[in-house]
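Written out below as structure tokens is the structure these notes cover.
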Amino acid sequence: MIGPVAGRLFSADWFSHGEEFPWSTVEIVSISEAIMALGSYPKEHSFSNLIDTLKSEKHEDRKYFSPAKLQDPRYDELPLSIRVLLEAAIRKCDDFYVRKEDVETILDWRRQQGSAEVPFSPARLLLQDFTGIPAMVDLAAMRDAVARQGGDPSQVNPKCPTDLIVDHALQIDFGKCAIQNAPNPGGGDSQATPVKSTPAKPRGCGPQRSCSKGACNDPPSTSAPAAAVQIENTPLLCPFHLQPVFEPEIALKNQEKELIRNRERLQFFKWCSQAFKNVNVVPPDISAVHQVNLEYLCQAVQEHEDFVYPDSVVGTDSHTTMVNGLGILGWGVGGIESEAVMLGQPVTLTLPKVVGCKLLGSVNVLATSIDIVLGITKHLRQAGISGKFVEFFGPGVSQLSAPDRTTIANMCPEYNATVSFFPVDDVTLKHFKQANFSEEKLELVEAYLKAVKLFRSYQDLGEDPHYSEVIEIDLSSIVPHVSGPKRSQDRVEVSNMKKDFLNCLNEKVGFKGFHIPVEKQTTLMPFLHGSREYQLTHGSVVLAALISCTNNCNPSVMLAAGLLAKKAVGAGLSVRPYIQTSLAPGSGMVTHYLSASGVLPYFSQLGFEVVGYGCATCVGNTSPLPEAVVNAIKQGDLVACGVLSGSRHFEGRLCDCVRANYLASPPLVVAYAIAGTVSIDFETEPLGLTPEGKEVYLRDVWPSREEVQHTEENMVISSIFRELREKMKRGNKLWKDLEASEAELFPWDPKSTYIRCPPFFNKLTKELCEPQPMENAHALLFLGDMVTTDHISPAGSIARVSAAAKYLQSKRLTPREFNSYGARRGNDAVMTRGTFASIKLQNRFVGKAGPKTLHVPSGQIMDVFDAAERYQRDGIPLIILAGKKYGSGNSRDWAAKGPYLLGVRAVIAESFEKLHKNHLVAMGIAPLQFLPGQSADSLELSGKEKFSLCIPKDLSPGQEITVKVAFAFPDPPSFSNLYRAALPSFHVSACVHFRQALGRLSR
């Protein structure tokens, strides 16, 4: 792990100079700076001959590295995304991390792609709080390590500019309306005459939200004047008296609750913002991480000391790839890699193959950008592009707006690409102008990108570079889809949704099946809600969420949802009140344009109230469903459904009683919420009835593309970008008033249940450790295919009967105070106990889902943590047996840190998700891969054997390692007790990585 690396490097004994390191004269933030301080850093840049000056009247003083000066025809053939890698390698060449050979390797991309490893130094680093907090906790612990070595801890700071956005702590404690039984609170199945000529009334405001006429619990007036358009940060209107309500109560209450629940974490973040240089902390309730990245941090072209260069970023949020839609190269990494980047180390990656995705044809009038995303996802997933770059070109690209492109780029992790890159063109420049880039900045961006040939005209076929392969997609062939019920790659045409869901009921339990007996597929479960009786059946929607990630940044789809809501309310349609609906915009920008366009009141009428800004439903931070709904689902063994406009919907992630979850575009989320079921054919069945009994179909309320584009052009203007900038300047009053230590070293509180000094530095030594053999290890878990990082390290709520809950209860916390695993990632004691704590974990030792395992020596079934603790007491090392794609899903460093602290030293699987495999390597856990055609089943392993392996000192990637199997029982089977497992293309342990760093140092 990078923490121990940095900790060891703070000792002068690591260098051959034999003198005490000059702590007082240099700021140590990376290995390369340490070398520079010792006089071994090259003073002359290796590519100083490539420095050029921009030929522009306003920017003659701007310098840049010009790859064109290489006068190498290979440059013009490179995909534009590879040109960004090349420029960074040229500019960052220090003959230590980045060498001349690396530049030549990238330039020789056509021959070296897919085999050579190259470094990439991004312009900046992006952290969100869930994955950012363990990285910052490690960095704080590094300061302690420096102090113990006699150094100046204030000199430990990130080398790479780092932005940390606090956006993942929000939970929906308050939603819809606190008053459910007010006279006609609006919405639901109210029999009141629908409002047609005035904006719709929200679903009640609650007795505690007072207007100038007192408590709002009077029935609304049908003759009330039309409500004014609501803009963010101006008073809401009481739906009963149409008088100002001076605070958006739901969002404010959730924000206050967030501050109380997460005070310790927020105090730590504030200490980071004050203690560390090069760290910018964006406080809570400003915006979601990817929104801040898109709307505020993206620069297209960076400037530093009169040099200009392409903007680029790596981040700990899976949505980091959205910036590729704006021609900014970036992708998601885990907290472990982020620490390395902070300390000035480049990201190492295999020089990627680049798939050219040629877009042709015209977009279907009914298809949204989400449909295009899912269509492209299907094509690219089938093409097998894991670990590759995708670069879009062709005339169809010009039809896509910049927000459309960012939405498409966001989904590249779902088809296992590293990035989906849209080079900058005139459409991108127009977006930057809307984003309030000054004329001078726009001229600089255009002049520089054209000078280094990073600007594209998609109509000019002569500009098309060479690609590893080309995939053509006809946009006119894409029709509306949803995705589910358990995996994002399982796409379902909306026209076939009803038939597909019924098939899912019939199929045996699996990725799409629920195996419901035919005689029970028509079960109806009545229940009472708000003194009225309703019925649930298979396919009933109980949760509908317009959430903060993926597409809320795209005005077209959100405005389409708002216009659909407006038309639906105008037709007299409503959403059943027991359905848990929420609207968590990605930023105030979204609220602003929804308000300015006049659709926000109609969202409220249907129950989609703004609940706050930050990740909520998609990470499991949702309030419980009504008890009557939960009871009906359980009693009828119903396959209830959730529909959300995000990119994550693993089984059990949203709510443990919601078994089917579908990803859908925002307008379809609203449509399914109104219908109340996913088992509907929109073409032949109505959404609902008007008060007069007239049937209303989806086609009657679906907004045309022209309507959406007109609204977008008139509402999504530069003022909404100014709003975010003004909000950033104003900050958050609760954050400003929050007290935090100003000491150089963080004052660890031994009583804290949120922030603990991690144990990774406790046994640091100046000498490198040799790889140790593993003798007679037991399998902690025996897992199948597609074990996700959600299974390994859950981010959602902490179950009351879990090992983590027992620990928190020992600290005198009540279940109400548990918070979530994501919020407690700064506490290793909680996170270790939360490892493999998912209720959906399928462990073959146990035979049913849950966080249990077999303690092999005793034969007892116990919690995973308790079993691991018992193994460690007995000095028994541990491994994990798994199937295909182990570690898929979100990048999550605790999915590697947790198993390491449980005592796991190897994972033997059929295949790994690349990013998680890197994390295992960084933590010193060996990711061993069965040889092709082999698996635990083909080798007839029960998982109850003892495993032994020896990692050689001269280990190389791909080397075969012998794993010896001994049997823990007196009468072993007769099959062979010897098999082999091959290492993937990365080192088996971090020790090898450390040795390579020292090898470069010796040169």
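Labels for the structure tokens follow display order: chains A, B, ..., residues from 1 in each chain, ligands from 1.
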Could you tell me, as a PyMOL selection string, which residues of segment 492-609 of chain A DSSP assigns to strand (DSSP E) when given the backbone?
chain A and resi 492-493+525-529+532-536+541-546+580-583
Write the residues of the preceding selection, restricted to N, CA and C atoms, as a PDB file, in the first residue's frame.
```pdb
ATOM      1  N   VAL A 492     -33.846  -4.377 -21.390  1.00  0.00           N
ATOM      2  CA  VAL A 492     -35.184  -4.821 -21.767  1.00  0.00           C
ATOM      3  C   VAL A 492     -35.853  -3.693 -22.535  1.00  0.00           C
ATOM      4  N   GLU A 493     -36.325  -3.998 -23.741  1.00  0.00           N
ATOM      5  CA  GLU A 493     -37.077  -2.996 -24.480  1.00  0.00           C
ATOM      6  C   GLU A 493     -38.350  -2.655 -23.704  1.00  0.00           C
ATOM      7  N   MET A 525     -52.007  -8.690  -2.411  1.00  0.00           N
ATOM      8  CA  MET A 525     -51.904  -8.484  -0.971  1.00  0.00           C
ATOM      9  C   MET A 525     -52.471  -7.110  -0.606  1.00  0.00           C
ATOM     10  N   PRO A 526     -53.638  -7.085   0.044  1.00  0.00           N
ATOM     11  CA  PRO A 526     -54.218  -5.801   0.458  1.00  0.00           C
ATOM     12  C   PRO A 526     -53.509  -5.268   1.703  1.00  0.00           C
ATOM     13  N   PHE A 527     -53.465  -3.958   1.832  1.00  0.00           N
ATOM     14  CA  PHE A 527     -52.894  -3.328   3.029  1.00  0.00           C
ATOM     15  C   PHE A 527     -53.477  -1.930   3.163  1.00  0.00           C
ATOM     16  N   LEU A 528     -53.363  -1.399   4.375  1.00  0.00           N
ATOM     17  CA  LEU A 528     -53.866  -0.060   4.651  1.00  0.00           C
ATOM     18  C   LEU A 528     -52.718   0.930   4.684  1.00  0.00           C
ATOM     19  N   HIS A 529     -52.918   2.076   4.049  1.00  0.00           N
ATOM     20  CA  HIS A 529     -51.945   3.164   4.106  1.00  0.00           C
ATOM     21  C   HIS A 529     -52.714   4.473   4.143  1.00  0.00           C
ATOM     22  N   ARG A 532     -56.508   4.268   3.824  1.00  0.00           N
ATOM     23  CA  ARG A 532     -57.070   3.740   2.581  1.00  0.00           C
ATOM     24  C   ARG A 532     -56.468   2.375   2.283  1.00  0.00           C
ATOM     25  N   GLU A 533     -57.244   1.552   1.586  1.00  0.00           N
ATOM     26  CA  GLU A 533     -56.752   0.216   1.242  1.00  0.00           C
ATOM     27  C   GLU A 533     -56.157   0.221  -0.166  1.00  0.00           C
ATOM     28  N   TYR A 534     -55.009  -0.422  -0.269  1.00  0.00           N
ATOM     29  CA  TYR A 534     -54.343  -0.596  -1.558  1.00  0.00           C
ATOM     30  C   TYR A 534     -53.984  -2.067  -1.700  1.00  0.00           C
ATOM     31  N   GLN A 535     -53.498  -2.430  -2.896  1.00  0.00           N
ATOM     32  CA  GLN A 535     -53.093  -3.813  -3.143  1.00  0.00           C
ATOM     33  C   GLN A 535     -51.714  -3.841  -3.807  1.00  0.00           C
ATOM     34  N   LEU A 536     -50.915  -4.802  -3.399  1.00  0.00           N
ATOM     35  CA  LEU A 536     -49.629  -5.045  -4.038  1.00  0.00           C
ATOM     36  C   LEU A 536     -49.636  -6.415  -4.694  1.00  0.00           C
ATOM     37  N   VAL A 541     -44.498  -1.295  -8.092  1.00  0.00           N
ATOM     38  CA  VAL A 541     -43.430  -0.331  -7.805  1.00  0.00           C
ATOM     39  C   VAL A 541     -43.641   0.231  -6.409  1.00  0.00           C
ATOM     40  N   VAL A 542     -42.628   0.101  -5.554  1.00  0.00           N
ATOM     41  CA  VAL A 542     -42.722   0.649  -4.198  1.00  0.00           C
ATOM     42  C   VAL A 542     -41.652   1.703  -3.955  1.00  0.00           C
ATOM     43  N   LEU A 543     -40.749   1.846  -4.888  1.00  0.00           N
ATOM     44  CA  LEU A 543     -39.676   2.828  -4.741  1.00  0.00           C
ATOM     45  C   LEU A 543     -39.344   3.385  -6.116  1.00  0.00           C
ATOM     46  N   ALA A 544     -39.393   4.706  -6.255  1.00  0.00           N
ATOM     47  CA  ALA A 544     -39.048   5.375  -7.519  1.00  0.00           C
ATOM     48  C   ALA A 544     -38.176   6.568  -7.188  1.00  0.00           C
ATOM     49  N   ALA A 545     -36.971   6.583  -7.728  1.00  0.00           N
ATOM     50  CA  ALA A 545     -36.004   7.600  -7.334  1.00  0.00           C
ATOM     51  C   ALA A 545     -35.352   8.265  -8.535  1.00  0.00           C
ATOM     52  N   LEU A 546     -35.438   9.570  -8.565  1.00  0.00           N
ATOM     53  CA  LEU A 546     -34.615  10.369  -9.465  1.00  0.00           C
ATOM     54  C   LEU A 546     -33.418  10.795  -8.625  1.00  0.00           C
ATOM     55  N   GLN A 580     -42.447   5.111  -2.356  1.00  0.00           N
ATOM     56  CA  GLN A 580     -41.419   6.011  -1.843  1.00  0.00           C
ATOM     57  C   GLN A 580     -40.734   6.710  -3.011  1.00  0.00           C
ATOM     58  N   THR A 581     -41.046   7.962  -3.192  1.00  0.00           N
ATOM     59  CA  THR A 581     -40.496   8.745  -4.293  1.00  0.00           C
ATOM     60  C   THR A 581     -39.543   9.782  -3.748  1.00  0.00           C
ATOM     61  N   SER A 582     -38.521  10.108  -4.524  1.00  0.00           N
ATOM     62  CA  SER A 582     -37.559  11.129  -4.098  1.00  0.00           C
ATOM     63  C   SER A 582     -36.864  11.721  -5.304  1.00  0.00           C
ATOM     64  N   LEU A 583     -36.422  12.943  -5.139  1.00  0.00           N
ATOM     65  CA  LEU A 583     -35.649  13.652  -6.148  1.00  0.00           C
ATOM     66  C   LEU A 583     -34.416  14.209  -5.458  1.00  0.00           C
TER      67      LEU A 583
END
```
Using only C-alpha atoms: which of A:Arg824, A:Ala906, A:Ala141, A:Phe967 has the shortest distance to Leu266 of chain A:
A:Arg824
As a PyMOL selection string, please: the residues near segment 433-435 of chain A (cut-off 8 Å, only C-alpha atoms, same-chain neighbours under 3 positions excluded).
chain A and resi 295+429-430+438-439+442+717-718+721-722
Please identify all polymer residues within 8 Å of Val452 of chain A, counting only C-alpha atoms, omitting same-chain residues fewer than 2 positions from it, and present them as a ChimeraX atom specification.
/A:66-68,448-450,454
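One distance worth recording is that between atom CA of Tyr754 of chain A and atom CA of Asn827 of chain A, which is 5.2 Å.
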Which of segment 386-599 of chain A fall in helix (DSSP H, G or I), as a ChimeraX atom specification
/A:395-399,402-410,412-415,426-434,439-451,461-463,475-477,494-506,518-520,555-570,588-596
Write the residues of the selection above to a file with C-alpha atoms, as a compact mmCIF listing (two decimals), in the first residue's frame.
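What ended up in out.txt:
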```
# COMPACT_ATOMS: atom_id res chain seq x y z
CA PRO A 395 -21.06 12.32 -38.09
CA GLY A 396 -23.50 11.08 -35.46
CA VAL A 397 -21.40 12.61 -32.66
CA SER A 398 -22.36 16.13 -33.74
CA GLN A 399 -26.02 15.37 -32.93
CA ALA A 402 -22.27 18.00 -24.35
CA PRO A 403 -24.54 16.72 -21.52
CA ASP A 404 -25.51 13.77 -23.73
CA ARG A 405 -21.84 12.96 -24.20
CA THR A 406 -21.07 13.11 -20.50
CA THR A 407 -23.99 10.76 -19.82
CA ILE A 408 -22.67 8.29 -22.38
CA ALA A 409 -19.11 8.60 -21.08
CA ASN A 410 -20.31 7.96 -17.55
CA CYS A 412 -18.07 3.11 -19.59
CA PRO A 413 -17.37 1.16 -16.35
CA GLU A 414 -20.54 -0.81 -17.07
CA TYR A 415 -19.01 -2.25 -20.25
CA ASP A 426 -17.41 23.13 -31.58
CA VAL A 427 -20.27 21.65 -29.52
CA THR A 428 -17.92 21.29 -26.54
CA LEU A 429 -16.70 24.88 -26.92
CA LYS A 430 -20.31 26.07 -26.96
CA HIS A 431 -20.85 24.18 -23.70
CA PHE A 432 -17.78 25.79 -22.14
CA LYS A 433 -19.17 29.18 -23.14
CA GLN A 434 -22.42 28.33 -21.36
CA GLU A 439 -13.68 34.79 -23.98
CA GLU A 440 -9.98 34.81 -23.16
CA LYS A 441 -10.21 31.30 -21.67
CA LEU A 442 -12.18 30.01 -24.66
CA GLU A 443 -9.62 31.43 -27.05
CA LEU A 444 -6.83 29.80 -25.06
CA VAL A 445 -8.60 26.42 -25.06
CA GLU A 446 -9.23 26.49 -28.79
CA ALA A 447 -5.77 27.81 -29.69
CA TYR A 448 -3.93 25.26 -27.56
CA LEU A 449 -6.01 22.22 -28.51
CA LYS A 450 -5.66 23.01 -32.18
CA ALA A 451 -1.91 23.57 -31.77
CA LEU A 461 -13.01 12.16 -42.33
CA GLY A 462 -9.41 13.19 -42.97
CA GLU A 463 -8.97 13.78 -39.23
CA LEU A 475 -28.35 5.78 -33.65
CA SER A 476 -31.69 5.38 -35.43
CA SER A 477 -31.80 1.71 -34.40
CA VAL A 494 -39.84 -0.94 -22.89
CA SER A 495 -42.28 -2.41 -25.39
CA ASN A 496 -41.36 -5.89 -24.12
CA MET A 497 -41.17 -5.04 -20.41
CA LYS A 498 -44.36 -6.77 -19.27
CA LYS A 499 -43.52 -10.02 -21.06
CA ASP A 500 -39.92 -9.96 -19.80
CA PHE A 501 -40.97 -9.43 -16.17
CA LEU A 502 -43.40 -12.36 -16.34
CA ASN A 503 -40.57 -14.48 -17.75
CA CYS A 504 -38.41 -13.42 -14.79
CA LEU A 505 -41.08 -14.70 -12.42
CA ASN A 506 -41.00 -18.07 -14.15
CA VAL A 518 -47.41 -20.07 -11.48
CA GLU A 519 -50.26 -20.32 -8.99
CA LYS A 520 -48.73 -17.54 -6.89
CA PRO A 555 -30.85 18.79 -18.76
CA SER A 556 -32.61 17.02 -21.62
CA VAL A 557 -33.62 13.90 -19.68
CA MET A 558 -34.47 15.74 -16.47
CA LEU A 559 -36.50 18.33 -18.33
CA ALA A 560 -38.22 15.52 -20.24
CA ALA A 561 -39.18 13.97 -16.90
CA GLY A 562 -40.45 17.33 -15.65
CA LEU A 563 -42.47 17.98 -18.79
CA LEU A 564 -43.95 14.49 -18.55
CA ALA A 565 -44.87 15.17 -14.92
CA LYS A 566 -46.50 18.44 -15.96
CA LYS A 567 -48.58 16.77 -18.65
CA ALA A 568 -49.51 13.89 -16.34
CA VAL A 569 -50.71 16.19 -13.58
CA GLY A 570 -52.60 18.23 -16.15
CA GLY A 588 -28.37 23.24 -7.24
CA MET A 589 -27.99 23.64 -10.98
CA VAL A 590 -30.58 20.92 -11.53
CA THR A 591 -33.01 22.43 -9.05
CA HIS A 592 -32.46 25.79 -10.68
CA TYR A 593 -33.34 24.78 -14.22
CA LEU A 594 -36.22 22.57 -13.08
CA SER A 595 -37.57 25.53 -11.13
CA ALA A 596 -36.93 28.08 -13.86
```
Selection: 12 Å around segment 866-869 of chain A, only C-alpha atoms, excl. self and same-chain fewer than 3 positions, as a short mmCIF file (atom, residue, chain, number, x, y, z; two decimals) with C-alpha atoms, in the first residue's frame:
```
data_model
loop_
_atom_site.label_atom_id
_atom_site.label_comp_id
_atom_site.auth_asym_id
_atom_site.auth_seq_id
_atom_site.Cartn_x
_atom_site.Cartn_y
_atom_site.Cartn_z
CA ALA A 777 -4.03 -21.86 4.95
CA HIS A 778 -7.78 -22.34 5.22
CA ALA A 779 -10.43 -20.90 2.93
CA LEU A 780 -12.36 -18.20 4.77
CA LEU A 781 -15.03 -18.16 2.05
CA SER A 802 -23.93 -7.67 12.37
CA ALA A 803 -20.42 -7.79 13.83
CA ALA A 804 -20.07 -4.07 13.16
CA LYS A 806 -21.99 -5.38 18.05
CA TYR A 807 -18.84 -3.26 18.02
CA THR A 832 -13.03 -4.86 9.10
CA ARG A 833 -16.16 -6.15 10.82
CA GLY A 834 -18.20 -5.00 7.85
CA THR A 835 -16.10 -6.96 5.37
CA PHE A 836 -18.23 -9.63 3.68
CA ALA A 837 -21.19 -8.38 5.72
CA PRO A 851 -22.56 -12.83 6.12
CA LYS A 852 -21.85 -16.27 7.57
CA THR A 853 -19.12 -18.83 6.96
CA LEU A 854 -17.78 -22.15 8.11
CA HIS A 855 -14.92 -22.31 10.59
CA VAL A 856 -13.38 -25.42 9.05
CA PRO A 857 -11.41 -26.80 12.04
CA SER A 858 -14.43 -26.71 14.38
CA GLY A 859 -17.19 -27.17 11.81
CA GLN A 860 -19.11 -24.23 13.30
CA ILE A 861 -21.09 -21.68 11.28
CA MET A 862 -20.37 -18.14 12.48
CA ASP A 863 -20.05 -14.52 11.37
CA GLN A 872 -5.88 -15.26 13.41
CA ARG A 873 -5.73 -16.21 17.08
CA ASP A 874 -4.68 -19.68 16.00
CA GLY A 875 -2.08 -18.29 13.58
CA ILE A 876 -3.78 -19.78 10.51
CA PRO A 877 -3.44 -17.80 7.25
CA LEU A 878 -6.49 -17.45 5.04
CA ILE A 879 -7.40 -17.54 1.36
CA ILE A 880 -10.63 -17.01 -0.57
CA GLY A 898 -10.85 -5.35 4.86
CA PRO A 899 -9.81 -8.84 3.71
CA TYR A 900 -6.18 -7.96 4.48
CA LEU A 901 -7.07 -7.07 8.07
CA LEU A 902 -9.12 -10.27 8.32
CA GLY A 903 -5.94 -12.20 7.59
CA VAL A 904 -6.59 -13.06 3.94
CA ARG A 905 -3.32 -13.50 2.04
#
```
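For the atom pair formed by atom CA of Leu329 of chain A and atom CA of Val419 of chain A, the distance is 7.6 Å, given to one decimal.
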Quick one: residues within 10 Å of Lys694 of chain A, only C-alpha atoms, excluding same-chain residues fewer than 6 positions away - as a list in words?
Ala571, Gly572, Pro686 and Gly688 of chain A
Now that the selection is made, can you save its residues with C-alpha atoms as a compact mmCIF listing (two decimals), in the first residue's frame?
```txt
# COMPACT_ATOMS: atom_id res chain seq x y z
CA ALA A 571 -54.35 15.04 -17.22
CA GLY A 572 -55.32 14.26 -13.61
CA PRO A 686 -53.08 3.20 -20.06
CA GLY A 688 -54.19 5.73 -15.56
```
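When the distance limit is 7 Å and only C-alpha atoms are what count, the residues near segment 936-952 of chain A, minus those fewer than 2 positions from it on the same chain, are Pro771, Gln772, Pro773, Met774, Glu775, Asn776, Ala777, His778, Ala779, Phe782, Val856, Gln934, Asp954, Leu955, Thr962, Val963, Lys964, Val965, Ala966, Phe967 and Ala968 of chain A.
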Could you jot down the atom CA of Gly539 of chain A to atom CA of Val701 of chain A separation for me, Å, one decimal place?
22.5 Å
Between A:Pro747, A:Pro310, A:Pro585, A:Pro815, which has the minimum distance to Val289 of chain A (counting only C-alpha atoms)?
A:Pro585
Compile a residue-level contact table for segment 278-388 of chain A against segment 154-161 of chain A at a cut-off of 12 Å, reporting for every qualifying residue the shortest atom pair and its distance in Å to one decimal, with only C-alpha atoms counted, rows ordered by chain and ascending number, as a tab-separated table.
```
residue	atom	partner	partner_atom	distance
A:Asn278	CA	A:Pro161	CA	5.0
A:Val279	CA	A:Pro161	CA	6.4
A:Asn280	CA	A:Pro161	CA	8.1
A:Val281	CA	A:Pro161	CA	11.3
A:Leu297	CA	A:Pro161	CA	11.3
A:Gln302	CA	A:Pro161	CA	11.7
A:His304	CA	A:Pro161	CA	11.6
A:Asp311	CA	A:Pro161	CA	12.0
A:Ser312	CA	A:Pro161	CA	11.4
A:Val313	CA	A:Pro161	CA	9.9
A:Val314	CA	A:Cys160	CA	10.7
A:Gly315	CA	A:Pro161	CA	11.7
A:Ser338	CA	A:Cys160	CA	9.8
A:Glu339	CA	A:Pro158	CA	8.5
A:Ala340	CA	A:Pro158	CA	9.4
A:Val341	CA	A:Cys160	CA	6.5
A:Met342	CA	A:Pro158	CA	4.6
A:Leu343	CA	A:Lys159	CA	5.2
A:Gly344	CA	A:Lys159	CA	5.0
A:Gln345	CA	A:Lys159	CA	8.7
A:Pro346	CA	A:Cys160	CA	9.8
A:Val347	CA	A:Cys160	CA	12.0
```
